[in-house]
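Below: entry01.cif (mmCIF, C-alpha atoms and all ligand atoms)
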```
data_model
#
loop_
_atom_site.label_atom_id
_atom_site.label_comp_id
_atom_site.auth_asym_id
_atom_site.auth_seq_id
_atom_site.Cartn_x
_atom_site.Cartn_y
_atom_site.Cartn_z
CA MET O 1 25.91 -16.36 -10.64
CA PRO O 2 24.66 -18.67 -13.47
CA PRO O 3 23.73 -16.92 -16.75
CA ILE O 4 20.08 -15.96 -16.94
CA GLN O 5 17.75 -18.17 -18.92
CA PRO O 6 16.45 -16.93 -22.28
CA GLY O 7 12.73 -16.60 -22.88
CA CYS O 8 12.02 -15.76 -19.25
CA LEU O 9 10.16 -12.77 -17.81
CA TRP O 10 12.12 -11.54 -14.79
CA VAL O 11 9.99 -9.50 -12.39
CA VAL O 12 12.58 -7.39 -10.62
CA ALA O 13 12.10 -5.27 -7.49
CA THR O 14 13.90 -1.91 -7.37
CA PRO O 15 14.58 0.29 -4.30
CA ILE O 16 11.81 2.30 -2.59
CA GLY O 17 14.22 5.08 -1.63
CA HIS O 18 17.76 4.07 -0.74
CA ARG O 19 19.55 3.33 -4.00
CA GLU O 20 21.66 0.55 -2.50
CA ASP O 21 18.59 -1.52 -1.55
CA PHE O 22 19.06 -3.30 -4.84
CA SER O 23 20.20 -6.92 -4.77
CA ALA O 24 23.29 -8.09 -6.65
CA ARG O 25 21.05 -10.55 -8.49
CA ALA O 26 18.61 -7.79 -9.49
CA ILE O 27 21.46 -5.70 -10.92
CA ALA O 28 23.01 -8.67 -12.76
CA THR O 29 19.64 -9.66 -14.22
CA LEU O 30 18.92 -6.14 -15.45
CA ARG O 31 22.36 -5.96 -17.08
CA GLU O 32 21.89 -9.25 -18.91
CA VAL O 33 18.34 -9.20 -20.25
CA ALA O 34 17.62 -8.09 -23.82
CA VAL O 35 15.21 -5.37 -22.73
CA ILE O 36 13.76 -3.86 -19.57
CA ALA O 37 10.04 -3.00 -19.52
CA ALA O 38 9.82 0.00 -17.19
CA GLU O 39 6.83 1.94 -15.85
CA ASP O 40 8.50 5.29 -16.56
CA THR O 41 11.74 5.04 -18.51
CA ARG O 42 12.83 8.59 -17.60
CA HIS O 43 12.27 7.90 -13.90
CA SER O 44 14.26 4.62 -13.96
CA LYS O 45 17.24 5.85 -15.99
CA PRO O 46 19.16 7.59 -13.15
CA LEU O 47 18.91 4.49 -10.93
CA LEU O 48 19.98 2.19 -13.76
CA LEU O 49 22.89 4.47 -14.71
CA HIS O 50 23.98 4.61 -11.06
CA HIS O 51 24.31 0.82 -11.15
CA ASN O 52 25.91 0.71 -14.64
CA ILE O 53 22.92 -0.91 -16.29
CA ALA O 54 22.84 0.08 -19.97
CA THR O 55 20.14 -2.34 -21.19
CA PRO O 56 17.56 -0.84 -23.60
CA LEU O 57 14.29 0.23 -22.01
CA LEU O 58 10.71 0.12 -23.22
CA ALA O 59 7.74 1.78 -21.56
CA LEU O 60 5.02 -0.35 -19.98
CA HIS O 61 2.56 1.62 -17.91
CA GLU O 62 -1.12 1.43 -17.04
CA HIS O 63 -2.11 3.41 -20.16
CA ASN O 64 -0.31 1.23 -22.73
CA GLU O 65 -0.13 -2.12 -20.94
CA ARG O 66 -2.88 -3.67 -23.05
CA GLU O 67 -1.14 -2.72 -26.33
CA VAL O 68 2.45 -3.62 -25.48
CA VAL O 69 1.78 -6.89 -23.66
CA ASP O 70 1.34 -8.91 -26.88
CA ALA O 71 4.56 -7.55 -28.37
CA ILE O 72 6.53 -8.40 -25.22
CA VAL O 73 5.05 -11.91 -25.02
CA ARG O 74 6.03 -12.49 -28.67
CA ARG O 75 9.61 -11.44 -27.87
CA LEU O 76 9.67 -13.80 -24.90
CA GLN O 77 8.33 -16.65 -27.04
CA GLY O 78 11.05 -15.84 -29.55
CA GLY O 79 13.62 -16.61 -26.85
CA GLU O 80 14.51 -13.10 -25.65
CA SER O 81 14.79 -12.46 -21.93
CA VAL O 82 12.81 -9.50 -20.59
CA ALA O 83 12.84 -7.82 -17.19
CA LEU O 84 9.90 -5.92 -15.72
CA ILE O 85 10.49 -3.08 -13.25
CA SER O 86 8.27 -0.34 -11.85
CA ASP O 87 9.15 3.14 -10.57
CA ALA O 88 9.89 1.78 -7.10
CA GLY O 89 9.59 -1.44 -5.16
CA THR O 90 7.99 -4.62 -6.42
CA PRO O 91 6.17 -4.53 -9.78
CA LEU O 92 2.42 -5.39 -9.65
CA ILE O 93 2.13 -4.23 -6.01
CA SER O 94 -0.05 -1.15 -6.63
CA ASP O 95 1.98 -0.90 -9.85
CA PRO O 96 1.62 -2.07 -13.47
CA GLY O 97 2.55 -5.55 -14.66
CA PHE O 98 -0.41 -7.77 -13.82
CA ARG O 99 -1.58 -8.05 -17.44
CA LEU O 100 1.91 -8.82 -18.69
CA VAL O 101 2.55 -11.55 -16.12
CA ARG O 102 -0.87 -13.07 -16.71
CA ALA O 103 -0.42 -13.07 -20.49
CA ALA O 104 3.13 -14.45 -20.23
CA ARG O 105 2.01 -17.30 -17.98
CA ALA O 106 -0.97 -18.03 -20.23
CA ALA O 107 1.48 -18.27 -23.16
CA GLY O 108 3.59 -20.78 -21.24
CA VAL O 109 6.43 -18.30 -20.62
CA ARG O 110 8.40 -18.75 -17.42
CA CYS O 111 8.02 -15.82 -14.99
CA ALA O 112 10.67 -15.57 -12.29
CA PRO O 113 10.77 -13.11 -9.38
CA VAL O 114 13.88 -11.24 -8.35
CA PRO O 115 12.52 -10.07 -5.00
CA GLY O 116 13.48 -6.96 -3.08
CA ALA O 117 11.96 -3.84 -1.57
CA CYS O 118 8.23 -3.42 -1.04
CA ALA O 119 6.94 -0.45 0.99
CA ALA O 120 4.09 -2.44 2.60
CA ILE O 121 6.43 -5.13 3.90
CA ALA O 122 9.12 -2.65 4.93
CA ALA O 123 6.48 -0.69 6.91
CA LEU O 124 5.04 -3.82 8.51
CA SER O 125 8.53 -4.93 9.54
CA VAL O 126 8.99 -1.85 11.76
CA ALA O 127 5.41 -0.94 12.74
CA GLY O 128 5.22 -3.04 15.88
CA LEU O 129 1.75 -4.30 14.95
CA PRO O 130 0.89 -8.00 14.73
CA SER O 131 2.57 -9.27 11.57
CA ASP O 132 1.54 -12.92 11.57
CA ARG O 133 -1.58 -12.11 9.56
CA PHE O 134 -2.23 -8.91 7.63
CA VAL O 135 -4.35 -7.46 4.83
CA PHE O 136 -2.85 -5.32 2.08
CA GLU O 137 -5.50 -2.87 0.87
CA GLY O 138 -3.34 -0.75 -1.46
CA PHE O 139 -4.77 2.72 -2.15
CA LEU O 140 -8.14 3.72 -0.70
CA PRO O 141 -10.64 5.56 -2.92
CA PRO O 142 -9.71 9.26 -3.20
CA LYS O 143 -13.19 10.60 -2.28
CA SER O 144 -14.20 10.52 1.37
CA ALA O 145 -17.64 8.89 0.94
CA ALA O 146 -16.24 5.93 -1.01
CA ARG O 147 -13.24 5.76 1.32
CA ARG O 148 -15.47 5.53 4.40
CA THR O 149 -17.55 2.81 2.76
CA ARG O 150 -14.39 0.79 2.08
CA LEU O 151 -13.14 1.36 5.64
CA GLN O 152 -16.52 0.31 7.02
CA GLU O 153 -16.15 -3.01 5.21
CA LEU O 154 -12.87 -3.45 7.08
CA ALA O 155 -14.05 -2.31 10.53
CA ALA O 156 -14.41 -5.85 11.92
CA GLU O 157 -11.25 -7.19 10.27
CA PRO O 158 -9.04 -8.78 12.96
CA ARG O 159 -5.85 -8.77 10.85
CA THR O 160 -3.45 -5.80 10.64
CA LEU O 161 -4.51 -3.46 7.81
CA ILE O 162 -1.96 -1.91 5.43
CA PHE O 163 -2.79 1.02 3.14
CA TYR O 164 -0.79 3.06 0.66
CA GLU O 165 -1.68 6.74 0.66
CA SER O 166 -0.51 9.83 -1.14
CA SER O 167 0.87 12.55 1.09
CA HIS O 168 -1.79 15.10 0.15
CA ARG O 169 -4.58 12.78 1.34
CA VAL O 170 -2.95 11.31 4.43
CA ALA O 171 -4.65 13.70 6.88
CA GLU O 172 -8.10 13.15 5.32
CA SER O 173 -7.66 9.39 5.28
CA LEU O 174 -6.57 9.29 8.91
CA ALA O 175 -9.63 11.41 9.83
CA ASP O 176 -11.87 8.86 8.07
CA MET O 177 -10.09 5.95 9.77
CA LEU O 178 -10.63 7.64 13.11
CA ALA O 179 -14.35 8.11 12.35
CA VAL O 180 -14.81 4.48 11.31
CA PHE O 181 -12.40 2.56 13.56
CA GLY O 182 -12.66 4.75 16.68
CA ASP O 183 -10.22 6.74 18.83
CA GLU O 184 -8.33 3.90 20.45
CA ARG O 185 -7.47 1.70 17.48
CA GLU O 186 -3.68 1.72 17.08
CA GLY O 187 -2.39 3.35 13.91
CA VAL O 188 1.08 3.67 12.43
CA LEU O 189 2.28 6.18 9.86
CA ALA O 190 5.45 4.99 8.10
CA ARG O 191 6.81 7.83 5.97
CA GLU O 192 9.75 8.14 3.59
CA LEU O 193 11.09 4.67 4.43
CA THR O 194 14.80 4.19 3.68
CA LYS O 195 15.10 7.92 2.86
CA MET O 196 16.58 10.89 4.71
CA PHE O 197 13.37 11.91 6.50
CA GLU O 198 12.20 8.41 7.41
CA THR O 199 9.62 8.62 10.22
CA VAL O 200 7.53 5.92 11.87
CA ILE O 201 4.88 7.12 14.32
CA ASP O 202 2.62 4.77 16.25
CA GLN O 203 -0.27 6.17 18.25
CA PRO O 204 -3.96 5.57 18.86
CA LEU O 205 -5.82 6.86 15.79
CA ALA O 206 -7.22 9.93 17.60
CA ARG O 207 -3.73 11.19 18.48
CA LEU O 208 -2.18 10.15 15.19
CA ALA O 209 -4.88 11.90 13.14
CA GLU O 210 -4.56 15.04 15.25
CA ARG O 211 -0.76 15.07 15.01
CA VAL O 212 -0.72 14.63 11.24
CA ALA O 213 -3.46 17.22 10.70
CA SER O 214 -1.55 19.81 12.76
CA ASP O 215 1.93 19.16 11.32
CA PRO O 216 2.42 19.83 7.57
CA ASP O 217 5.78 17.98 7.72
CA GLN O 218 3.87 14.75 8.34
CA GLN O 219 1.91 15.36 5.14
CA ARG O 220 4.98 15.20 2.90
CA GLY O 221 6.69 12.39 1.03
CA GLU O 222 5.52 8.82 0.57
CA CYS O 223 3.63 7.00 3.23
CA VAL O 224 2.13 3.74 4.35
CA ILE O 225 -0.65 3.73 6.96
CA LEU O 226 -1.11 0.64 9.10
CA VAL O 227 -4.01 0.04 11.47
CA ALA O 228 -4.28 -2.70 14.07
CA GLY O 229 -7.01 -5.22 13.38
CA ARG O 230 -10.06 -5.14 15.60
CA GLY O 231 -8.99 -6.80 18.80
CA GLU O 232 -10.71 -7.96 21.95
CA GLU O 233 -10.49 -4.51 23.48
CA ALA O 234 -12.39 -3.00 20.53
CA ASP O 235 -14.90 -5.84 20.73
CA ALA O 236 -15.50 -5.12 24.41
CA LYS O 237 -16.08 -1.43 23.63
CA LEU O 238 -18.48 -2.29 20.85
CA VAL O 239 -20.46 -4.67 23.04
CA GLU O 240 -20.67 -2.00 25.75
CA GLY O 241 -21.50 0.69 23.17
CA ARG O 242 -24.30 -1.41 21.71
CA ARG O 243 -25.74 -2.00 25.18
CA ILE O 244 -25.78 1.75 25.93
CA PHE O 245 -27.08 2.57 22.44
CA ALA O 246 -30.01 0.17 22.90
CA ILE O 247 -31.00 1.90 26.17
CA LEU O 248 -30.62 5.44 24.82
CA ARG O 249 -32.53 4.67 21.64
CA GLU O 250 -35.64 4.15 23.74
CA GLU O 251 -35.56 7.87 24.57
CA LEU O 252 -33.53 9.59 21.83
CA PRO O 253 -33.30 9.81 18.02
CA PRO O 254 -30.84 7.17 16.71
CA ALA O 255 -28.13 9.68 15.68
CA LYS O 256 -28.11 11.33 19.09
CA ALA O 257 -28.22 7.97 20.89
CA ALA O 258 -25.26 6.70 18.81
CA LYS O 259 -23.25 9.86 19.49
CA LEU O 260 -23.75 9.58 23.26
CA ALA O 261 -23.21 5.81 23.35
CA ALA O 262 -19.96 6.25 21.38
CA ALA O 263 -18.74 8.98 23.74
CA ILE O 264 -19.53 6.88 26.83
CA SER O 265 -18.20 3.53 25.56
CA GLY O 266 -15.32 4.58 23.31
CA ALA O 267 -16.81 2.53 20.44
CA ALA O 268 -16.95 4.02 16.93
CA ARG O 269 -20.22 5.96 16.48
CA LYS O 270 -20.75 4.62 12.98
CA ALA O 271 -20.30 1.03 14.15
CA LEU O 272 -23.09 1.59 16.70
CA TYR O 273 -25.37 3.44 14.36
CA GLU O 274 -25.18 0.64 11.84
CA SER O 275 -25.56 -2.17 14.39
N1 LIG R 301 5.36 -1.18 -5.96
C1 LIG R 301 5.62 -0.36 -4.78
C2 LIG R 301 5.98 -1.27 -3.61
O1 LIG R 301 6.43 -2.39 -3.83
O2 LIG R 301 5.88 -0.82 -2.46
C3 LIG R 301 4.46 0.56 -4.47
C4 LIG R 301 4.12 1.49 -5.60
S1 LIG R 301 2.79 2.57 -5.26
C5 LIG R 301 2.52 3.33 -6.82
C6 LIG R 301 3.56 3.90 -4.41
C7 LIG R 301 3.12 3.97 -2.94
O3 LIG R 301 3.93 3.09 -2.16
C8 LIG R 301 3.34 5.34 -2.31
O4 LIG R 301 2.23 6.20 -2.58
C9 LIG R 301 3.42 4.99 -0.85
O5 LIG R 301 2.15 4.76 -0.31
C10 LIG R 301 4.21 3.68 -0.91
N2 LIG R 301 5.65 3.92 -0.83
C11 LIG R 301 6.56 3.80 -1.82
N3 LIG R 301 7.78 4.11 -1.37
C12 LIG R 301 7.66 4.43 -0.06
C13 LIG R 301 8.57 4.83 0.96
N4 LIG R 301 9.87 4.98 0.70
N5 LIG R 301 8.08 5.06 2.20
C14 LIG R 301 6.77 4.92 2.46
N6 LIG R 301 5.87 4.55 1.54
C15 LIG R 301 6.30 4.30 0.30
#
```
Show the structure stored in the file as structure tokens.
Amino acid sequence: MPPIQPGCLWVVATPIGHREDFSARAIATLREVAVIAAEDTRHSKPLLLHHNIATPLLALHEHNEREVVDAIVRRLQGGESVALISDAGTPLISDPGFRLVRAARAAGVRCAPVPGACAAIAALSVAGLPSDRFVFEGFLPPKSAARRTRLQELAAEPRTLIFYESSHRVAESLADMLAVFGDEREGVLARELTKMFETVIDQPLARLAERVASDPDQQRGECVILVAGRGEEADAKLVEGRRIFAILREELPPAKAAKLAAAISGAARKALYES
């Protein structure tokens, strides 16, 4: 492997679970740079020690990114090589680093990726959902009202949707997805990828939400939720639901008409109510 260039910011992916999912080039780069900017130095140390990487670390996280970016860019401009890592996976993907990369590029510093694990891509690669076009949405808002609003904005999206979610909100989020996208939309829960309890479940959202809500084991660990984009089948249900809703609205209050039209057609109630 050629020696690494000085004055370059190396953006290095680390494993998302299995410690050996770490490329030879990533390990060599981390051994050779002058300093590694890490999201949580205490978290990264065991992994780095496991791979005999003794390079000094400095902390770069969302609370100090603004302050330390200038100092790191000055070191890069002075010819030092710096690597950026996050706690797991690819830096900047729902992780810190955006400000540093932006400032480095603006200062004319070369930024080079050392690619590797990313939970969203790992999940998509085994979900069995269309993977030719997809939307990465990262984390949804933690509160249900804001979460439903965000999901509503995505209800007509035809591309596969990918979300990160914390284990203690996975049941609530699936319940909101069910309410907004409807019973039949295909969902996939990809949990603990590359780890001992790796689980990938694909089911229509109604069954997936019910299964996760009733099984505390499915609410543990790290997870990615994927939802099929709105397809022709969902379109057909919505068209039918809207037709029934229009008839029922002549006789019933809108909320009641939407509830019945959703139950008859299989379309999402909210989608009808707002149509
Ligand atoms: N930068 C990381 C990446 O490239 O995937 C993501 C960091 S983000 C702070 C952490 C989230 O990624 C978790 O809450 C979870 O949604 C997802 N994640 C990370 N590791 C995972 C794993 N082994 N299995 C499933 N999801 C994982």
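Coordinates place atom CA of O:Val188 at a distance of 8.4 Å from atom CA of O:Pro204.
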Exercise: O:Val114 partners within 10 Å, all atoms listed in the file, chain neighbours under 3 positions left out, as JSON, numbers by chain: {"O": [10, 11, 12, 13, 14, 23, 25, 26, 27, 29, 83, 84, 90, 111]}
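The space between atom CA of O:Leu193 and atom CA of O:Val224 spans 9.0 Å.
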Return the padded bounding box of ligand LIG 301 (chain R) as lines of an AutoDock Vina configuration file: axis-aligned, built from all atoms listed in the file, 5 Å added on each side, with centre and edge lengths in Å to one decimal.
```
center_x = 6.0
center_y = 1.9
center_z = -2.2
size_x = 17.7
size_y = 18.6
size_z = 19.3
```
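With only C-alpha atoms as the basis for measurement, O:Arg31 is the residue among O:Arg148, O:Arg105, O:Arg31, O:Arg74 that approaches O:Ala54 most closely.
With only C-alpha atoms as the atoms that count, the residue of O:Ser144, O:Thr41, O:Gln152, O:Thr194 with the shortest distance to O:Arg169 is O:Ser144.
Atom CA of O:Ser94 to atom CA of O:Pro113 spans 16.4 Å [interatomic distance, one decimal].
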Selection as JSON, numbers by chain: residues within 6 Å of ligand LIG 301 (chain R) by only C-alpha atoms and all ligand atoms: {"O": [16, 17, 88, 89, 90, 91, 93, 94, 95, 118, 119, 120, 164, 165, 166, 190, 191, 192, 193, 194, 222, 223, 224]}
Now that the selection is made, can you save its residues with C-alpha atoms as a tab-separated table (two decimals), in the frame of the given file?
```tsv
chain	number	residue	atom	x	y	z
O	16	ILE	CA	11.81	2.30	-2.59
O	17	GLY	CA	14.22	5.08	-1.63
O	88	ALA	CA	9.89	1.78	-7.10
O	89	GLY	CA	9.59	-1.44	-5.16
O	90	THR	CA	7.99	-4.62	-6.42
O	91	PRO	CA	6.17	-4.53	-9.78
O	93	ILE	CA	2.13	-4.23	-6.01
O	94	SER	CA	-0.05	-1.15	-6.63
O	95	ASP	CA	1.98	-0.90	-9.85
O	118	CYS	CA	8.23	-3.42	-1.04
O	119	ALA	CA	6.94	-0.45	0.99
O	120	ALA	CA	4.09	-2.44	2.60
O	164	TYR	CA	-0.79	3.06	0.66
O	165	GLU	CA	-1.68	6.74	0.66
O	166	SER	CA	-0.51	9.83	-1.14
O	190	ALA	CA	5.45	4.99	8.10
O	191	ARG	CA	6.81	7.83	5.97
O	192	GLU	CA	9.75	8.14	3.59
O	193	LEU	CA	11.09	4.67	4.43
O	194	THR	CA	14.80	4.19	3.68
O	222	GLU	CA	5.52	8.82	0.57
O	223	CYS	CA	3.63	7.00	3.23
O	224	VAL	CA	2.13	3.74	4.35
```
